[in-house]
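Enquirer: The following file, my_file_25.pdb, comprises PDB, C-alpha atoms:
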```pdb
ATOM      1  CA  MET A   1     144.441 144.405 111.611  1.00  0.00           C
ATOM      2  CA  ARG A   2     141.236 145.583 113.239  1.00  0.00           C
ATOM      3  CA  ASN A   3     139.031 142.950 114.863  1.00  0.00           C
ATOM      4  CA  ILE A   4     136.530 142.163 112.115  1.00  0.00           C
ATOM      5  CA  THR A   5     133.812 141.159 114.571  1.00  0.00           C
ATOM      6  CA  LEU A   6     133.496 144.885 115.355  1.00  0.00           C
ATOM      7  CA  MET A   7     133.195 145.863 111.690  1.00  0.00           C
ATOM      8  CA  ASN A   8     129.916 146.615 109.984  1.00  0.00           C
ATOM      9  CA  THR A   9     128.734 145.054 106.743  1.00  0.00           C
ATOM     10  CA  ARG A  10     130.100 147.882 104.575  1.00  0.00           C
ATOM     11  CA  GLU A  11     133.529 147.678 106.184  1.00  0.00           C
ATOM     12  CA  ILE A  12     133.670 143.897 105.792  1.00  0.00           C
ATOM     13  CA  ALA A  13     132.732 143.985 102.090  1.00  0.00           C
ATOM     14  CA  SER A  14     135.101 146.870 101.347  1.00  0.00           C
ATOM     15  CA  GLY A  15     137.867 145.236 103.370  1.00  0.00           C
ATOM     16  CA  PHE A  16     137.465 141.980 101.459  1.00  0.00           C
ATOM     17  CA  TYR A  17     137.771 143.636  98.031  1.00  0.00           C
ATOM     18  CA  SER A  18     140.504 146.053  99.126  1.00  0.00           C
ATOM     19  CA  ALA A  19     142.527 143.015 100.243  1.00  0.00           C
ATOM     20  CA  PHE A  20     141.786 141.346  96.899  1.00  0.00           C
ATOM     21  CA  ALA A  21     143.072 144.422  95.048  1.00  0.00           C
ATOM     22  CA  LYS A  22     146.307 144.121  97.079  1.00  0.00           C
ATOM     23  CA  ALA A  23     146.540 140.366  96.344  1.00  0.00           C
ATOM     24  CA  ASP A  24     146.243 139.679 100.087  1.00  0.00           C
ATOM     25  CA  ALA A  25     144.524 136.300 100.242  1.00  0.00           C
ATOM     26  CA  GLU A  26     145.180 135.911 103.971  1.00  0.00           C
ATOM     27  CA  THR A  27     143.165 139.031 104.803  1.00  0.00           C
ATOM     28  CA  MET A  28     140.411 138.088 102.341  1.00  0.00           C
ATOM     29  CA  ILE A  29     140.086 134.668 103.944  1.00  0.00           C
ATOM     30  CA  SER A  30     139.945 136.214 107.425  1.00  0.00           C
ATOM     31  CA  PHE A  31     136.618 137.831 106.501  1.00  0.00           C
ATOM     32  CA  TYR A  32     135.070 134.421 105.769  1.00  0.00           C
ATOM     33  CA  ASP A  33     133.298 132.267 108.331  1.00  0.00           C
ATOM     34  CA  ASP A  34     134.660 128.714 108.586  1.00  0.00           C
ATOM     35  CA  LYS A  35     131.387 127.457 107.082  1.00  0.00           C
ATOM     36  CA  ILE A  36     131.425 129.915 104.167  1.00  0.00           C
ATOM     37  CA  GLU A  37     129.317 129.030 101.136  1.00  0.00           C
ATOM     38  CA  PHE A  38     130.596 130.496  97.874  1.00  0.00           C
ATOM     39  CA  GLU A  39     129.105 130.201  94.397  1.00  0.00           C
ATOM     40  CA  ASP A  40     129.897 131.548  90.950  1.00  0.00           C
ATOM     41  CA  PRO A  41     129.500 130.402  87.327  1.00  0.00           C
ATOM     42  CA  ALA A  42     133.122 129.242  86.987  1.00  0.00           C
ATOM     43  CA  PHE A  43     133.531 127.163  90.164  1.00  0.00           C
ATOM     44  CA  GLY A  44     129.937 126.377  91.054  1.00  0.00           C
ATOM     45  CA  LYS A  45     129.353 125.855  94.777  1.00  0.00           C
ATOM     46  CA  LEU A  46     132.288 125.725  97.168  1.00  0.00           C
ATOM     47  CA  LYS A  47     132.179 125.457 100.948  1.00  0.00           C
ATOM     48  CA  GLY A  48     134.579 126.075 103.818  1.00  0.00           C
ATOM     49  CA  ASN A  49     138.261 125.632 103.026  1.00  0.00           C
ATOM     50  CA  ASP A  50     137.550 124.983  99.343  1.00  0.00           C
ATOM     51  CA  ALA A  51     136.147 128.522  99.017  1.00  0.00           C
ATOM     52  CA  LYS A  52     139.039 130.005 100.998  1.00  0.00           C
ATOM     53  CA  MET A  53     141.674 128.155  99.014  1.00  0.00           C
ATOM     54  CA  MET A  54     140.095 129.242  95.725  1.00  0.00           C
ATOM     55  CA  TRP A  55     140.982 132.873  96.453  1.00  0.00           C
ATOM     56  CA  GLN A  56     144.487 131.938  97.537  1.00  0.00           C
ATOM     57  CA  MET A  57     144.966 129.906  94.345  1.00  0.00           C
ATOM     58  CA  LEU A  58     143.584 132.629  92.063  1.00  0.00           C
ATOM     59  CA  ILE A  59     145.843 135.279  93.569  1.00  0.00           C
ATOM     60  CA  GLU A  60     148.895 133.048  93.488  1.00  0.00           C
ATOM     61  CA  ARG A  61     148.287 131.921  89.908  1.00  0.00           C
ATOM     62  CA  SER A  62     147.783 135.524  88.740  1.00  0.00           C
ATOM     63  CA  ARG A  63     151.461 136.240  89.478  1.00  0.00           C
ATOM     64  CA  GLY A  64     150.694 139.914  90.034  1.00  0.00           C
ATOM     65  CA  ASN A  65     148.767 140.277  86.754  1.00  0.00           C
ATOM     66  CA  LEU A  66     145.361 140.771  88.350  1.00  0.00           C
ATOM     67  CA  LYS A  67     143.702 144.154  88.743  1.00  0.00           C
ATOM     68  CA  VAL A  68     140.627 144.351  90.958  1.00  0.00           C
ATOM     69  CA  SER A  69     138.363 147.326  91.565  1.00  0.00           C
ATOM     70  CA  HIS A  70     135.086 147.456  93.432  1.00  0.00           C
ATOM     71  CA  GLN A  71     132.129 149.638  94.287  1.00  0.00           C
ATOM     72  CA  LEU A  72     129.823 148.949  97.204  1.00  0.00           C
ATOM     73  CA  ASN A  73     126.264 149.413  95.959  1.00  0.00           C
ATOM     74  CA  GLU A  74     124.002 148.567  98.860  1.00  0.00           C
ATOM     75  CA  SER A  75     124.302 147.299 102.364  1.00  0.00           C
ATOM     76  CA  SER A  76     122.072 146.448 105.260  1.00  0.00           C
ATOM     77  CA  GLU A  77     122.795 144.949 108.637  1.00  0.00           C
ATOM     78  CA  THR A  78     123.443 141.525 107.076  1.00  0.00           C
ATOM     79  CA  ILE A  79     123.797 141.944 103.298  1.00  0.00           C
ATOM     80  CA  ALA A  80     126.224 143.787 101.041  1.00  0.00           C
ATOM     81  CA  LYS A  81     125.939 144.118  97.271  1.00  0.00           C
ATOM     82  CA  VAL A  82     129.173 144.905  95.497  1.00  0.00           C
ATOM     83  CA  ASN A  83     130.004 145.450  91.839  1.00  0.00           C
ATOM     84  CA  TRP A  84     133.573 144.475  91.171  1.00  0.00           C
ATOM     85  CA  THR A  85     135.767 144.103  88.124  1.00  0.00           C
ATOM     86  CA  ALA A  86     138.692 141.763  87.563  1.00  0.00           C
ATOM     87  CA  VAL A  87     141.142 142.316  84.704  1.00  0.00           C
ATOM     88  CA  TYR A  88     143.649 139.529  84.070  1.00  0.00           C
ATOM     89  CA  PRO A  89     145.165 137.338  81.363  1.00  0.00           C
ATOM     90  CA  PHE A  90     143.414 133.969  80.987  1.00  0.00           C
ATOM     91  CA  SER A  91     146.101 131.380  81.693  1.00  0.00           C
ATOM     92  CA  LYS A  92     145.194 128.954  78.889  1.00  0.00           C
ATOM     93  CA  THR A  93     145.076 131.466  76.038  1.00  0.00           C
ATOM     94  CA  GLY A  94     146.809 134.607  77.331  1.00  0.00           C
ATOM     95  CA  ARG A  95     143.762 136.638  76.290  1.00  0.00           C
ATOM     96  CA  ILE A  96     142.950 139.594  78.547  1.00  0.00           C
ATOM     97  CA  ILE A  97     139.694 139.199  80.469  1.00  0.00           C
ATOM     98  CA  THR A  98     137.671 142.098  81.846  1.00  0.00           C
ATOM     99  CA  ASN A  99     135.033 140.468  84.005  1.00  0.00           C
ATOM    100  CA  HIS A 100     132.259 142.572  85.545  1.00  0.00           C
ATOM    101  CA  ILE A 101     130.787 140.807  88.553  1.00  0.00           C
ATOM    102  CA  GLU A 102     127.969 141.478  90.970  1.00  0.00           C
ATOM    103  CA  ALA A 103     128.540 139.991  94.424  1.00  0.00           C
ATOM    104  CA  ILE A 104     126.007 139.438  97.155  1.00  0.00           C
ATOM    105  CA  MET A 105     127.528 138.788 100.559  1.00  0.00           C
ATOM    106  CA  ILE A 106     125.557 137.688 103.596  1.00  0.00           C
ATOM    107  CA  MET A 107     127.138 138.390 106.976  1.00  0.00           C
ATOM    108  CA  GLU A 108     126.603 136.999 110.424  1.00  0.00           C
ATOM    109  CA  ASN A 109     128.564 137.748 113.616  1.00  0.00           C
ATOM    110  CA  GLY A 110     131.100 139.880 111.748  1.00  0.00           C
ATOM    111  CA  LYS A 111     131.920 137.247 109.109  1.00  0.00           C
ATOM    112  CA  ILE A 112     130.811 136.504 105.558  1.00  0.00           C
ATOM    113  CA  ILE A 113     128.739 133.312 105.649  1.00  0.00           C
ATOM    114  CA  LYS A 114     127.516 133.309 102.042  1.00  0.00           C
ATOM    115  CA  HIS A 115     129.112 134.899  98.991  1.00  0.00           C
ATOM    116  CA  THR A 116     127.579 134.618  95.520  1.00  0.00           C
ATOM    117  CA  ASP A 117     129.189 136.125  92.432  1.00  0.00           C
ATOM    118  CA  TYR A 118     127.097 136.682  89.309  1.00  0.00           C
ATOM    119  CA  PHE A 119     128.591 137.318  85.895  1.00  0.00           C
ATOM    120  CA  ASN A 120     127.787 136.598  82.272  1.00  0.00           C
ATOM    121  CA  LEU A 121     129.634 133.363  81.520  1.00  0.00           C
ATOM    122  CA  TRP A 122     129.037 133.733  77.791  1.00  0.00           C
ATOM    123  CA  LYS A 123     130.763 137.143  77.740  1.00  0.00           C
ATOM    124  CA  TRP A 124     133.600 135.709  79.853  1.00  0.00           C
ATOM    125  CA  SER A 125     133.991 132.689  77.541  1.00  0.00           C
ATOM    126  CA  ARG A 126     134.139 134.880  74.418  1.00  0.00           C
ATOM    127  CA  GLN A 127     136.959 136.891  75.963  1.00  0.00           C
ATOM    128  CA  ALA A 128     138.787 133.810  77.211  1.00  0.00           C
ATOM    129  CA  MET A 129     138.423 131.552  74.167  1.00  0.00           C
ATOM    130  CA  GLY A 130     137.411 133.686  71.222  1.00  0.00           C
ATOM    131  CA  TRP A 131     135.138 132.038  68.644  1.00  0.00           C
ATOM    132  CA  LYS A 132     134.989 128.740  70.591  1.00  0.00           C
ATOM    133  CA  GLY A 133     133.628 130.627  73.599  1.00  0.00           C
ATOM    134  CA  PHE A 134     131.191 132.475  71.356  1.00  0.00           C
ATOM    135  CA  ILE A 135     129.796 129.202  70.017  1.00  0.00           C
ATOM    136  CA  LEU A 136     129.820 127.114  73.231  1.00  0.00           C
ATOM    137  CA  GLY A 137     130.039 129.556  76.147  1.00  0.00           C
ATOM    138  CA  TRP A 138     126.303 129.904  76.689  1.00  0.00           C
ATOM    139  CA  THR A 139     125.603 126.157  76.906  1.00  0.00           C
ATOM    140  CA  PRO A 140     125.009 124.095  80.055  1.00  0.00           C
ATOM    141  CA  PHE A 141     127.627 121.676  78.688  1.00  0.00           C
ATOM    142  CA  PHE A 142     130.255 124.444  78.727  1.00  0.00           C
ATOM    143  CA  ARG A 143     129.355 125.520  82.280  1.00  0.00           C
ATOM    144  CA  LYS A 144     129.553 121.937  83.544  1.00  0.00           C
ATOM    145  CA  LYS A 145     132.878 121.287  81.792  1.00  0.00           C
ATOM    146  CA  LEU A 146     134.357 124.562  83.089  1.00  0.00           C
ATOM    147  CA  GLN A 147     133.283 123.793  86.661  1.00  0.00           C
ATOM    148  CA  GLN A 148     134.795 120.322  86.413  1.00  0.00           C
ATOM    149  CA  GLN A 149     138.093 121.803  85.214  1.00  0.00           C
ATOM    150  CA  THR A 150     138.221 124.570  87.829  1.00  0.00           C
ATOM    151  CA  ARG A 151     137.419 122.165  90.658  1.00  0.00           C
ATOM    152  CA  LYS A 152     140.092 119.737  89.458  1.00  0.00           C
ATOM    153  CA  MET A 153     142.585 122.610  89.344  1.00  0.00           C
ATOM    154  CA  LEU A 154     141.573 123.642  92.882  1.00  0.00           C
ATOM    155  CA  GLN A 155     141.864 120.086  94.232  1.00  0.00           C
ATOM    156  CA  GLN A 156     145.342 119.730  92.712  1.00  0.00           C
ATOM    157  CA  TYR A 157     146.370 123.059  94.215  1.00  0.00           C
ATOM    158  CA  MET A 158     145.035 122.098  97.641  1.00  0.00           C
ATOM    159  CA  ARG A 159     147.118 118.901  97.708  1.00  0.00           C
ATOM    160  CA  TYR A 160     150.315 120.923  97.771  1.00  0.00           C
ATOM    161  CA  GLN A 161     149.428 124.235  99.398  1.00  0.00           C
ATOM    162  CA  PRO A 162     148.547 124.983 103.016  1.00  0.00           C
ATOM    163  CA  LEU A 163     145.784 127.478 103.741  1.00  0.00           C
ATOM    164  CA  SER A 164     147.336 130.881 104.584  1.00  0.00           C
TER
END
```
Take the structure I supplied and represent it as structure tokens, if you would.
Expert:
Amino acid sequence: MRNITLMNTREIASGFYSAFAKADAETMISFYDDKIEFEDPAFGKLKGNDAKMMWQMLIERSRGNLKVSHQLNESSETIAKVNWTAVYPFSKTGRIITNHIEAIMIMENGKIIKHTDYFNLWKWSRQAMGWKGFILGWTPFFRKKLQQQTRKMLQQYMRYQPLS
């Protein structure tokens, strides 16, 4: 693999999502700085190894049933904006999710130091849980409960899995 410290912002962002599309968590993680800060509506804020392990867990748990596509929208010397889509079955219900996400990645010294994913949690919850998601998915209670569950799942995963 090419030395990522020599890559520009566009190459780093595209490399990250290309690796994701290939279910290559090790390469994805290699683009992250050790002090990475990640945030999204499902997990909330994660730092360092927690953020890295999240990707490894998501890929592993997808068992090859995850399709990822991306489009780089904007980039500067330090920031990349990417629209990406994930299509996968939700593990608890088997319902197919098509999640459209906007990512903002901040880079420093050839590594991603901050990665924030934005998506409509209410739309996601309706796909994942049907009428229950429609009724509750927009509430702060739902967001808090979801983040508690995803973090618990991540902590359990991390007890038994080494970082790639």
Enquirer: Interatomic distance between atom CA of A:Asn109 and atom CA of A:Met158?
Expert: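 Distance between the two atoms: 27.8 Å.
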Enquirer: Starting from the PyMOL selection byres ((chain A and resi 117) around 6), expand the selection into actual residues of this file and give them as a PyMOL selection string.
Expert: chain A and resi 40+102-103+116+118
Enquirer: How would the residues just chosen look if you wrote them out with C-alpha atoms as a short mmCIF file (atom, residue, chain, number, x, y, z; two decimals), in the frame of the given file?
Expert:
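Output saved as out.cif:
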```cif
data_model
loop_
_atom_site.label_atom_id
_atom_site.label_comp_id
_atom_site.auth_asym_id
_atom_site.auth_seq_id
_atom_site.Cartn_x
_atom_site.Cartn_y
_atom_site.Cartn_z
CA ASP A 40 129.90 131.55 90.95
CA GLU A 102 127.97 141.48 90.97
CA ALA A 103 128.54 139.99 94.42
CA THR A 116 127.58 134.62 95.52
CA TYR A 118 127.10 136.68 89.31
#
```
Enquirer: Which is closest to A:Ile12 among A:Gln147, A:Ser69, A:Ser62, A:Thr78, if we use all atoms listed in the file?
Expert: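 The closest residue to A:Ile12 is A:Thr78.
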Enquirer: Apply the PyMOL selection byres ((chain A and resi 133) around 12) to the displayed file and report the matching residues as a list in words.
Expert: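 With the shown file as input, the PyMOL selection byres ((chain A and resi 133) around 12) matches Thr93, Leu121, Trp122, Lys123, Trp124, Ser125, Arg126, Gln127, Ala128, Met129, Gly130, Trp131, Lys132, Phe134, Ile135, Leu136, Gly137, Trp138, Thr139, Phe141, Phe142, Arg143 and Leu146 of chain A.
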Enquirer: How would the residues just chosen look if you wrote them out with C-alpha atoms as a JSON list (two decimals), in the coordinates of the input?
Expert:
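Saved result, part_15.json, follows:
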```json
[["chain", "number", "residue", "atom", "x", "y", "z"],
["A", 93, "THR", "CA", 145.08, 131.47, 76.04],
["A", 121, "LEU", "CA", 129.63, 133.36, 81.52],
["A", 122, "TRP", "CA", 129.04, 133.73, 77.79],
["A", 123, "LYS", "CA", 130.76, 137.14, 77.74],
["A", 124, "TRP", "CA", 133.60, 135.71, 79.85],
["A", 125, "SER", "CA", 133.99, 132.69, 77.54],
["A", 126, "ARG", "CA", 134.14, 134.88, 74.42],
["A", 127, "GLN", "CA", 136.96, 136.89, 75.96],
["A", 128, "ALA", "CA", 138.79, 133.81, 77.21],
["A", 129, "MET", "CA", 138.42, 131.55, 74.17],
["A", 130, "GLY", "CA", 137.41, 133.69, 71.22],
["A", 131, "TRP", "CA", 135.14, 132.04, 68.64],
["A", 132, "LYS", "CA", 134.99, 128.74, 70.59],
["A", 134, "PHE", "CA", 131.19, 132.48, 71.36],
["A", 135, "ILE", "CA", 129.80, 129.20, 70.02],
["A", 136, "LEU", "CA", 129.82, 127.11, 73.23],
["A", 137, "GLY", "CA", 130.04, 129.56, 76.15],
["A", 138, "TRP", "CA", 126.30, 129.90, 76.69],
["A", 139, "THR", "CA", 125.60, 126.16, 76.91],
["A", 141, "PHE", "CA", 127.63, 121.68, 78.69],
["A", 142, "PHE", "CA", 130.26, 124.44, 78.73],
["A", 143, "ARG", "CA", 129.35, 125.52, 82.28],
["A", 146, "LEU", "CA", 134.36, 124.56, 83.09]]
```
Enquirer: With distances taken over all atoms listed in the file, which residue among A:Asp34, A:Glu77, A:Glu60, A:Asp50 lies nearest A:Ala13?
Expert: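 Checking each candidate against A:Ala13, we get A:Glu77 as the closest.
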Enquirer: Hey, can you check how far atom CA of A:Tyr17 sits from atom CA of A:Val82?
Expert: 9.1 Å
Enquirer: Smallest atom-to-atom distance to A:Tyr32: which of A:Lys81, A:Arg159, A:Lys114, A:Lys45, using only C-alpha atoms?
Expert: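 Under the stated criterion, the closest residue is A:Lys114.
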Enquirer: The PyMOL selection byres ((chain A and resi 150-153) around 10) on the file shown: which residues, as a PyMOL selection string?
Expert: chain A and resi 42-46+50+54+57+145-149+154-158
Enquirer: Under the rule that only C-alpha atoms are counted, which of A:Phe119, A:Leu66, A:Lys144, A:Ile112 is the nearest residue to A:Asp33?
Expert: A:Ile112
Enquirer: Tell me which of A:Val68, A:Met28, A:Ala21, A:Ala51 sits closest to A:Val87, counting all atoms listed in the file.
Expert: A:Val68
Enquirer: Which residues come within 9 Å of A:Ile29, counting only C-alpha atoms, excluding same-chain residues fewer than 6 positions away, as a list in words?
Expert: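 Neighbouring residues, sequence-local ones excluded: Phe16, Ala51, Lys52, Met53, Trp55, Gln56 and Ser164 of chain A.
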Enquirer: For the residues in the current selection, export C-alpha atoms as a PDB file, in the frame of the given file.
Expert:
```
ATOM      1  CA  PHE A  16     137.465 141.980 101.459  1.00  0.00           C
ATOM      2  CA  ALA A  51     136.147 128.522  99.017  1.00  0.00           C
ATOM      3  CA  LYS A  52     139.039 130.005 100.998  1.00  0.00           C
ATOM      4  CA  MET A  53     141.674 128.155  99.014  1.00  0.00           C
ATOM      5  CA  TRP A  55     140.982 132.873  96.453  1.00  0.00           C
ATOM      6  CA  GLN A  56     144.487 131.938  97.537  1.00  0.00           C
ATOM      7  CA  SER A 164     147.336 130.881 104.584  1.00  0.00           C
TER       8      SER A 164
END
```
Enquirer: Hey, can you check how far atom CA of A:Asn49 sits from atom CA of A:Tyr88?
Expert: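 Computing the Euclidean distance for atom CA of A:Asn49 and atom CA of A:Tyr88 yields 24.1 Å.
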Enquirer: Using the file's own x, y and z axes, what box holds all listed atoms of stretch 109-123 of chain A with 4 Å on each side, keeping edges along x, y and z, and what are its centre and edge lengths in Å to one decimal, as lines of an AutoDock Vina configuration file?
Expert:
```
center_x = 129.5
center_y = 136.6
center_z = 95.7
size_x = 12.8
size_y = 14.6
size_z = 43.9
```
Enquirer: Which residue out of A:Leu72, A:Ile101, A:Leu58, A:Ile36 has the minimum interatomic distance to A:Ser18 when only C-alpha atoms are used?
Expert: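 Closest to A:Ser18, using only C-alpha atoms: A:Leu72.
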